[in-house]
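What follows is the content of input.tsv, which has TSV, C-alpha atoms:
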chain	number	residue	atom	x	y	z
A	1	MET	CA	-24.51	-56.89	-34.10
A	2	THR	CA	-21.02	-55.60	-34.82
A	3	ARG	CA	-21.09	-51.82	-35.24
A	4	ILE	CA	-18.57	-50.27	-37.62
A	5	GLY	CA	-18.22	-46.49	-37.76
A	6	VAL	CA	-17.65	-44.64	-41.03
A	7	ILE	CA	-16.28	-41.10	-40.71
A	8	THR	CA	-17.50	-38.22	-42.86
A	9	PHE	CA	-15.24	-35.20	-43.23
A	10	PRO	CA	-16.09	-32.18	-45.38
A	11	GLY	CA	-15.08	-33.42	-48.84
A	12	THR	CA	-15.40	-37.14	-48.11
A	13	LEU	CA	-16.84	-38.97	-51.14
A	14	ASP	CA	-16.95	-42.67	-50.34
A	15	ASP	CA	-18.59	-42.74	-46.93
A	16	VAL	CA	-21.92	-44.01	-48.29
A	17	ASP	CA	-20.22	-46.78	-50.30
A	18	ALA	CA	-18.17	-47.73	-47.23
A	19	ALA	CA	-21.32	-47.88	-45.10
A	20	ARG	CA	-22.97	-50.02	-47.76
A	21	ALA	CA	-19.96	-52.37	-47.75
A	22	VAL	CA	-20.19	-52.65	-43.97
A	23	ARG	CA	-23.89	-53.52	-44.23
A	24	LEU	CA	-23.36	-56.09	-47.01
A	25	ALA	CA	-20.60	-57.69	-44.94
A	26	GLY	CA	-23.07	-58.20	-42.12
A	27	ALA	CA	-22.35	-55.38	-39.67
A	28	GLU	CA	-24.25	-52.24	-38.74
A	29	PRO	CA	-22.74	-49.07	-40.22
A	30	VAL	CA	-22.62	-46.07	-37.87
A	31	SER	CA	-22.10	-42.58	-39.32
A	32	LEU	CA	-19.41	-40.60	-37.52
A	33	TRP	CA	-19.06	-36.85	-38.08
A	34	HIS	CA	-15.68	-35.15	-38.19
A	35	LYS	CA	-16.65	-32.77	-35.40
A	36	ASP	CA	-17.77	-35.58	-33.09
A	37	ALA	CA	-15.47	-35.81	-30.10
A	38	ASP	CA	-16.40	-39.46	-29.60
A	39	ILE	CA	-16.99	-42.53	-31.75
A	40	HIS	CA	-20.29	-43.63	-30.18
A	41	GLY	CA	-19.05	-46.97	-28.91
A	42	VAL	CA	-18.40	-48.54	-32.32
A	43	ASP	CA	-16.37	-51.75	-32.57
A	44	ALA	CA	-14.29	-50.65	-35.59
A	45	VAL	CA	-13.81	-47.58	-37.79
A	46	VAL	CA	-13.45	-47.05	-41.53
A	47	VAL	CA	-11.82	-43.80	-42.68
A	48	PRO	CA	-13.14	-43.55	-46.25
A	49	GLY	CA	-11.86	-41.92	-49.40
A	50	GLY	CA	-12.44	-38.47	-50.85
A	51	PHE	CA	-10.75	-35.10	-50.45
A	52	SER	CA	-11.06	-34.22	-46.76
A	53	TYR	CA	-11.13	-30.45	-46.20
A	54	GLY	CA	-10.26	-30.15	-49.90
A	55	ASP	CA	-6.80	-31.65	-49.27
A	56	TYR	CA	-5.50	-28.11	-49.75
A	57	LEU	CA	-2.46	-28.37	-47.50
A	58	ARG	CA	-1.47	-32.02	-48.06
A	59	CYS	CA	-3.74	-35.02	-48.50
A	60	GLY	CA	-5.12	-35.92	-45.07
A	61	ALA	CA	-3.07	-33.34	-43.18
A	62	ILE	CA	-5.98	-31.28	-41.85
A	63	ALA	CA	-8.35	-34.21	-41.31
A	64	ARG	CA	-5.76	-35.80	-39.06
A	65	PHE	CA	-6.52	-33.05	-36.50
A	66	ALA	CA	-10.34	-33.35	-36.69
A	67	PRO	CA	-11.96	-33.85	-33.25
A	68	VAL	CA	-13.14	-37.37	-34.13
A	69	MET	CA	-9.58	-38.43	-34.95
A	70	ASP	CA	-8.38	-37.96	-31.35
A	71	GLU	CA	-10.72	-40.76	-30.31
A	72	VAL	CA	-9.88	-42.89	-33.37
A	73	ILE	CA	-6.16	-42.59	-32.55
A	74	ALA	CA	-6.83	-43.51	-28.91
A	75	ALA	CA	-9.05	-46.46	-29.87
A	76	ALA	CA	-6.50	-47.69	-32.41
A	77	GLY	CA	-3.95	-47.64	-29.60
A	78	ARG	CA	-6.25	-49.93	-27.60
A	79	GLY	CA	-6.40	-52.36	-30.52
A	80	MET	CA	-9.66	-51.36	-32.22
A	81	PRO	CA	-9.71	-52.27	-35.94
A	82	VAL	CA	-9.24	-49.15	-38.12
A	83	LEU	CA	-9.22	-49.24	-41.94
A	84	GLY	CA	-8.10	-46.27	-44.05
A	85	ILE	CA	-9.01	-46.31	-47.73
A	86	CYS	CA	-7.40	-43.86	-50.19
A	87	ASN	CA	-7.80	-40.45	-48.52
A	88	GLY	CA	-8.40	-42.41	-45.32
A	89	PHE	CA	-5.01	-44.10	-45.81
A	90	GLN	CA	-3.43	-40.69	-46.29
A	91	ILE	CA	-5.11	-39.48	-43.09
A	92	LEU	CA	-3.82	-42.48	-41.11
A	93	THR	CA	-0.25	-41.88	-42.31
A	94	GLU	CA	-0.53	-38.19	-41.37
A	95	ALA	CA	-1.82	-39.33	-37.95
A	96	HIS	CA	1.24	-41.62	-37.65
A	97	LEU	CA	-1.02	-44.62	-37.14
A	98	LEU	CA	0.60	-46.06	-40.26
A	99	PRO	CA	4.13	-45.60	-41.66
A	100	GLY	CA	5.14	-43.77	-44.83
A	101	ALA	CA	3.44	-41.02	-46.80
A	102	LEU	CA	1.54	-40.63	-50.08
A	103	ILE	CA	2.76	-38.18	-52.71
A	104	ARG	CA	1.60	-37.28	-56.20
A	105	ASN	CA	1.58	-40.09	-58.76
A	106	ASN	CA	4.88	-40.28	-60.62
A	107	HIS	CA	3.11	-39.58	-63.93
A	108	GLN	CA	1.23	-36.56	-62.47
A	109	LYS	CA	-2.13	-37.90	-63.64
A	110	PHE	CA	-5.26	-38.95	-61.80
A	111	ILE	CA	-5.76	-42.64	-62.46
A	112	CYS	CA	-8.98	-44.66	-62.33
A	113	ARG	CA	-9.00	-48.35	-63.15
A	114	GLU	CA	-9.52	-51.89	-61.91
A	115	GLN	CA	-6.38	-52.79	-60.01
A	116	ARG	CA	-4.84	-56.20	-59.39
A	117	LEU	CA	-3.31	-56.63	-55.94
A	118	ARG	CA	-1.51	-59.38	-54.08
A	119	VAL	CA	-2.46	-59.91	-50.44
A	120	GLU	CA	0.84	-60.02	-48.56
A	121	SER	CA	-0.34	-60.18	-44.95
A	122	THR	CA	-3.36	-62.15	-43.73
A	123	THR	CA	-2.76	-61.72	-40.01
A	124	THR	CA	-4.55	-58.37	-39.74
A	125	ALA	CA	-8.03	-57.46	-38.54
A	126	TRP	CA	-8.97	-56.59	-42.12
A	127	THR	CA	-7.40	-59.43	-44.17
A	128	ASN	CA	-7.79	-62.60	-42.09
A	129	LEU	CA	-10.29	-64.11	-44.57
A	130	PHE	CA	-7.84	-63.92	-47.50
A	131	GLU	CA	-5.29	-66.54	-48.53
A	132	ASP	CA	-1.59	-65.75	-48.40
A	133	ASP	CA	-0.43	-64.35	-51.77
A	134	GLU	CA	-4.00	-64.33	-53.07
A	135	GLU	CA	-4.56	-62.07	-56.08
A	136	ILE	CA	-7.59	-59.79	-55.91
A	137	VAL	CA	-9.05	-57.00	-58.06
A	138	VAL	CA	-10.55	-53.80	-56.64
A	139	PRO	CA	-11.03	-50.36	-58.19
A	140	LEU	CA	-8.34	-47.70	-57.79
A	141	LYS	CA	-8.84	-43.95	-58.27
A	142	ASN	CA	-6.38	-41.37	-57.04
A	143	GLY	CA	-3.99	-38.61	-58.00
A	144	GLU	CA	-1.72	-38.89	-54.96
A	145	GLY	CA	-1.32	-42.59	-54.34
A	146	ASN	CA	2.43	-42.84	-54.65
A	147	PHE	CA	3.55	-44.56	-51.43
A	148	ILE	CA	6.92	-43.42	-50.18
A	149	ALA	CA	9.20	-43.88	-47.18
A	150	SER	CA	12.94	-43.78	-46.60
A	151	PRO	CA	14.89	-46.82	-47.85
A	152	ALA	CA	15.62	-47.82	-44.23
A	153	GLU	CA	11.92	-47.54	-43.34
A	154	LEU	CA	10.96	-49.58	-46.42
A	155	ASP	CA	13.43	-52.27	-45.35
A	156	ARG	CA	11.84	-52.27	-41.90
A	157	LEU	CA	8.33	-52.61	-43.36
A	158	GLU	CA	9.41	-55.55	-45.49
A	159	GLY	CA	11.42	-57.16	-42.70
A	160	GLU	CA	8.60	-56.92	-40.17
A	161	GLY	CA	5.94	-58.07	-42.64
A	162	LEU	CA	4.02	-54.79	-42.52
A	163	VAL	CA	3.22	-54.68	-46.26
A	164	VAL	CA	-0.39	-55.85	-46.64
A	165	PHE	CA	-1.16	-55.26	-50.32
A	166	ARG	CA	1.22	-55.00	-53.28
A	167	TYR	CA	0.39	-53.82	-56.80
A	168	LEU	CA	0.82	-56.44	-59.49
A	169	ASP	CA	1.28	-53.66	-62.05
A	170	ASN	CA	2.32	-50.55	-60.20
A	171	PRO	CA	0.02	-47.72	-61.34
A	172	ASN	CA	1.68	-44.70	-59.72
A	173	GLY	CA	5.34	-45.27	-58.85
A	174	SER	CA	4.74	-46.50	-55.30
A	175	ALA	CA	7.92	-47.63	-53.59
A	176	ARG	CA	8.37	-51.39	-53.88
A	177	ASP	CA	4.89	-51.71	-55.39
A	178	ILE	CA	3.32	-51.11	-51.97
A	179	ALA	CA	-0.45	-50.52	-52.15
A	180	GLY	CA	-1.28	-50.98	-48.47
A	181	VAL	CA	0.41	-51.31	-45.08
A	182	ARG	CA	-0.46	-52.23	-41.49
A	183	ASN	CA	0.73	-51.37	-38.02
A	184	ALA	CA	2.71	-53.90	-35.98
A	185	ARG	CA	-0.37	-55.05	-34.07
A	186	GLY	CA	-2.36	-55.59	-37.27
A	187	ASN	CA	-5.48	-53.73	-36.17
A	188	VAL	CA	-4.75	-50.67	-38.36
A	189	VAL	CA	-4.58	-51.18	-42.13
A	190	GLY	CA	-4.49	-48.63	-44.95
A	191	LEU	CA	-4.58	-49.02	-48.71
A	192	MET	CA	-5.01	-46.76	-51.72
A	193	PRO	CA	-7.37	-48.94	-53.84
A	194	HIS	CA	-11.05	-49.10	-52.90
A	195	PRO	CA	-12.38	-52.42	-51.56
A	196	GLU	CA	-15.72	-50.77	-50.77
A	197	HIS	CA	-16.37	-50.49	-54.53
A	198	ALA	CA	-16.08	-54.26	-55.01
A	199	VAL	CA	-18.69	-55.70	-52.66
A	200	GLU	CA	-21.79	-56.45	-54.69
A	201	PRO	CA	-22.32	-58.35	-57.98
A	202	GLY	CA	-23.33	-55.94	-60.73
A	203	PHE	CA	-21.42	-52.96	-59.33
A	204	GLY	CA	-17.80	-54.08	-59.00
A	205	PRO	CA	-14.87	-54.79	-61.30
A	206	ASP	CA	-14.93	-57.48	-63.96
A	207	SER	CA	-14.06	-60.94	-62.66
A	208	ALA	CA	-13.94	-64.56	-63.78
A	209	ALA	CA	-17.64	-64.69	-62.89
A	210	GLY	CA	-18.41	-62.05	-65.52
A	211	ALA	CA	-18.61	-58.31	-66.12
A	212	ARG	CA	-18.82	-56.23	-62.91
A	213	GLN	CA	-19.13	-59.35	-60.76
A	214	GLY	CA	-15.98	-58.80	-58.67
A	215	VAL	CA	-16.61	-58.77	-54.91
A	216	ASP	CA	-13.05	-59.21	-53.60
A	217	GLY	CA	-13.39	-56.10	-51.47
A	218	LEU	CA	-16.14	-57.54	-49.32
A	219	ARG	CA	-13.79	-59.81	-47.42
A	220	LEU	CA	-11.93	-56.88	-45.84
A	221	PHE	CA	-15.11	-55.90	-44.05
A	222	GLN	CA	-16.05	-59.51	-43.28
A	223	SER	CA	-12.53	-60.00	-41.89
A	224	ALA	CA	-13.08	-57.19	-39.39
A	225	ILE	CA	-16.35	-58.75	-38.24
A	226	SER	CA	-14.61	-62.11	-37.97
A	227	ALA	CA	-11.78	-60.58	-35.93
A	228	LEU	CA	-14.23	-58.86	-33.59
A	229	VAL	CA	-16.50	-61.85	-33.13
A	230	GLY	CA	-13.54	-64.13	-32.58
A	231	ALA	CA	-11.88	-61.75	-30.14
B	1	MET	CA	0.95	-6.26	-38.57
B	2	GLY	CA	3.94	-8.54	-38.65
B	3	ARG	CA	4.50	-11.36	-41.05
B	4	ILE	CA	6.33	-14.66	-40.69
B	5	VAL	CA	7.37	-16.60	-43.76
B	6	VAL	CA	7.64	-20.39	-43.54
B	7	GLU	CA	9.21	-22.27	-46.41
B	8	VAL	CA	8.76	-26.02	-46.86
B	9	MET	CA	10.48	-28.16	-49.50
B	10	PRO	CA	10.20	-31.82	-50.44
B	11	LYS	CA	13.17	-33.74	-49.07
B	12	PRO	CA	16.00	-33.98	-51.65
B	13	GLU	CA	15.68	-37.76	-51.95
B	14	ILE	CA	11.89	-37.64	-52.47
B	15	LEU	CA	10.56	-37.65	-56.03
B	16	ASP	CA	9.00	-34.25	-56.82
B	17	PRO	CA	6.59	-34.90	-59.72
B	18	GLN	CA	5.49	-31.25	-59.80
B	19	GLY	CA	9.04	-29.98	-60.08
B	20	LYS	CA	9.74	-32.56	-62.75
B	21	ALA	CA	6.71	-31.44	-64.76
B	22	VAL	CA	7.85	-27.82	-64.59
B	23	MET	CA	11.38	-28.84	-65.55
B	24	GLY	CA	10.02	-30.71	-68.54
B	25	ASN	CA	8.39	-27.58	-69.89
B	26	LEU	CA	11.11	-24.99	-69.36
B	27	PRO	CA	13.19	-26.00	-72.42
B	28	ARG	CA	10.08	-25.80	-74.57
B	29	LEU	CA	9.93	-22.09	-73.68
B	30	GLY	CA	13.60	-21.62	-74.52
B	31	PHE	CA	14.92	-21.89	-70.95
B	32	ASP	CA	17.53	-24.56	-71.57
B	33	GLN	CA	20.07	-23.45	-68.96
B	34	PHE	CA	18.35	-25.06	-65.93
B	35	THR	CA	19.24	-28.60	-64.93
B	36	GLY	CA	16.56	-29.17	-62.29
B	37	VAL	CA	13.46	-27.76	-60.59
B	38	ARG	CA	12.17	-28.55	-57.11
B	39	GLN	CA	8.80	-27.14	-56.11
B	40	GLY	CA	8.02	-26.33	-52.48
B	41	ARG	CA	5.58	-24.18	-50.52
B	42	ARG	CA	5.71	-20.75	-48.93
B	43	PHE	CA	3.35	-19.91	-46.07
B	44	GLU	CA	2.81	-16.38	-44.77
B	45	LEU	CA	1.56	-16.17	-41.19
B	46	THR	CA	0.44	-12.76	-39.93
B	47	VAL	CA	0.34	-11.52	-36.33
B	48	ASP	CA	-0.85	-8.37	-34.59
B	49	GLY	CA	2.06	-6.02	-33.99
B	50	PRO	CA	5.69	-6.78	-34.66
B	51	VAL	CA	6.93	-10.35	-34.86
B	52	THR	CA	8.39	-11.56	-31.57
B	53	ASP	CA	10.60	-14.50	-30.70
B	54	ALA	CA	7.53	-16.20	-29.21
B	55	HIS	CA	5.68	-15.79	-32.51
B	56	LEU	CA	8.61	-17.31	-34.36
B	57	ALA	CA	8.83	-20.21	-31.94
B	58	ALA	CA	5.11	-20.91	-32.37
B	59	ALA	CA	5.46	-20.68	-36.14
B	60	ALA	CA	8.34	-23.14	-36.05
B	61	GLU	CA	6.22	-25.56	-34.03
B	62	ALA	CA	3.25	-25.14	-36.39
B	63	ALA	CA	5.59	-25.74	-39.31
B	64	GLU	CA	6.73	-29.06	-37.86
B	65	LYS	CA	3.27	-30.14	-36.71
B	66	LEU	CA	0.96	-29.13	-39.55
B	67	LEU	CA	2.60	-27.16	-42.36
B	68	SER	CA	5.02	-29.98	-43.22
B	69	ASN	CA	5.09	-33.75	-43.08
B	70	PRO	CA	8.54	-34.67	-41.76
B	71	ILE	CA	8.47	-37.97	-43.63
B	72	ILE	CA	8.53	-36.27	-47.02
B	73	GLU	CA	9.32	-32.58	-46.40
B	74	ASP	CA	11.83	-30.29	-44.68
B	75	VAL	CA	11.02	-26.96	-43.06
B	76	VAL	CA	13.67	-24.86	-44.78
B	77	SER	CA	13.15	-21.58	-42.94
B	78	VAL	CA	10.92	-19.72	-40.48
B	79	THR	CA	11.66	-16.01	-40.67
B	80	ALA	CA	10.13	-12.63	-39.91
B	81	ASP	CA	9.45	-10.77	-43.14
B	82	PRO	CA	11.59	-7.60	-42.93
B	83	ALA	CA	9.46	-5.98	-45.64
B	84	ASP	CA	6.78	-5.40	-42.98
B	85	GLY	CA	9.09	-3.25	-40.90
B	86	ALA	CA	9.25	-5.87	-38.16
B	87	ASP	CA	12.35	-6.12	-36.01
B	88	ALA	CA	14.83	-8.48	-37.52
B	89	ALA	CA	14.21	-11.09	-34.87
B	90	PRO	CA	16.53	-14.09	-34.92
B	91	ASN	CA	15.34	-17.21	-36.70
B	92	PRO	CA	14.91	-20.02	-34.15
B	93	GLU	CA	15.63	-22.50	-36.91
B	94	GLU	CA	19.11	-21.05	-37.25
B	95	ALA	CA	19.76	-20.43	-33.56
If you took the structure in this file and wrote it as structure tokens, what would it be?
Amino acid sequence: MTRIGVITFPGTLDDVDAARAVRLAGAEPVSLWHKDADIHGVDAVVVPGGFSYGDYLRCGAIARFAPVMDEVIAAAGRGMPVLGICNGFQILTEAHLLPGALIRNNHQKFICREQRLRVESTTTAWTNLFEDDEEIVVPLKNGEGNFIASPAELDRLEGEGLVVFRYLDNPNGSARDIAGVRNARGNVVGLMPHPEHAVEPGFGPDSAAGARQGVDGLRLFQSAISALVGA
Amino acid sequence: MGRIVVEVMPKPEILDPQGKAVMGNLPRLGFDQFTGVRQGRRFELTVDGPVTDAHLAAAAEAAEKLLSNPIIEDVVSVTADPADGADAAPNPEEA
């Protein structure tokens, strides 16, 4: 069975939900501890949301230097699928596995809501089961989700097709409505909204199927399994 | 004990929501002469004994590696704090 690691840092909040999403997608979740110097032979890694080390310096800045991250960075370089969600996205940008940076929301407020997204890139390890330009809904909850990069870097991201998710109604001032990005190879993806909170009927966002029936997030995790099995 | 002061600021072209929030409130307190506020960070690093050039070089490296994110921030200065009686060692950032 595909084994997907989920890292827990001090201050991580969504590791249990991420592990649950991995299990519901059909893989075996493996808990990884921030002090672990190895990733126990997992096939993929999820860096979940929360407030790693309290985010006191900058979001993700201290977690990026956790012992477990050395191995995650090395494995990502070898092509292993890595997904960063929210604080995990911030950590992956601080680790330079993904471009850009996340700063405080333009309105200075923490925001928590169901968020509509458009899938802009389906050739990644985490989005291959989506349709091009498909609209999905997953929860969003952050205070520092404002994606930013230099204009030249933003042009490069657009030109090389590295934008993976775009907000349909930008909640925080993110440059060019960018909600998630990928690396060139497509094995590393990060996004601010939370797919792991939209994986099981009864516990997700509202959808056409009814209240709390949205499960759009599940396909990110199923995509990773698909990419690994097909590899 | 010597002290090194590292100052980090958001890059000029980067939106600074915290500075904007402060700016929004200054006129309410009667301070209507300011046209902008940018909010950065000041770090104070302490060392045993006086601050040396090697300390300053290490502080400059730490500032680039951890204390700032070069995508969104600039390291404005890395200086020995003269208030601690340390030798006025040159600032490697300005050298």
- 6 Å contact set for segment 72-88 of chain A, only C-alpha atoms, chain neighbours under 5 positions out, as a PyMOL selection string: chain A and resi 44-50+187-192
- Message: Contacts from chain A to chain B, 7 Å maximum, all atoms listed in the file: show me the residue list as number ranges by chain.
- Response: A: 61, 100-101, 104, 106, 108, 149
- Spatial neighbours of Val181 of chain A, max dist 10 Å, all atoms listed in the file, sep filter under 2 positions, as JSON, numbers by chain: {"A": [84, 89, 93, 98, 99, 100, 120, 121, 147, 157, 158, 161, 162, 163, 164, 165, 166, 178, 179, 183, 184, 186, 188, 189, 190, 191, 192]}
- Residue contacts of Val76 of chain B (12 Å, only C-alpha atoms) excluding same-chain residues fewer than 5 positions away, as JSON, numbers by chain: {"B": [5, 6, 7, 8, 9, 10, 11, 12, 40, 41, 42, 43, 60, 63, 64, 67, 68, 70, 91, 92, 93, 94]}
- Query: Which residues, written as a PyMOL selection string, have at least one atom at most 6 Å from Pro139 of chain A, with only C-alpha atoms counted and residues fewer than 5 positions away on the same chain left out?
  - Reply: chain A and resi 113-115+193-194
- Quick one: pull the distance between atom CA of Glu28 of chain A and atom CA of Gly217 of chain A, Å, one decimal.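 About the pair atom CA of Glu28 of chain A and atom CA of Gly217 of chain A: they are 17.2 Å apart.
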- Item | Which residue of A:Phe203, A:Trp126, A:Tyr167, A:Phe110 approaches Lys141 of chain A most closely, using only C-alpha atoms |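 The answer is A:Phe110, which sits nearest to Lys141 of chain A.
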- Query: Looking at all atoms listed in the file, which of A:Thr8, A:Asn128, A:Ser174, A:Ser150 is the one that sits closest to Met69 of chain A?
  - Reply: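 Closest residue, counting all atoms listed in the file: A:Thr8.
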- Task: Find the distance between atom CA of Ala211 of chain A and atom CA of Asp14 of chain A and write it in Å to one decimal.
- Result: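 That distance, rounded to one decimal, is 22.3 Å.
By only C-alpha atoms, and with residues fewer than 6 positions from Glu196 of chain A along its chain excluded, the set lying at most 8 Å from it is Asp17, Ala18, Arg20, Ala21, Gly217 and Leu218 of chain A.
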- Item | Separation of atom CA of Asp36 of chain A from atom CA of Pro67 of chain A, in Å and rounded to one decimal |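 It comes out at 6.1 Å.
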- Can you tell me, as a list in words, which residues sit within 9 Å of (-12.7, -57.5, -35.8) in the file's frame, using only C-alpha atoms?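 Residues found, by chain and rising number: Thr2, Asp43, Ala44, Met80, Pro81, Ala125, Trp126, Asn187, Phe221, Gln222, Ser223, Ala224, Ile225, Ser226, Ala227, Leu228, Val229, Gly230 and Ala231 of chain A.
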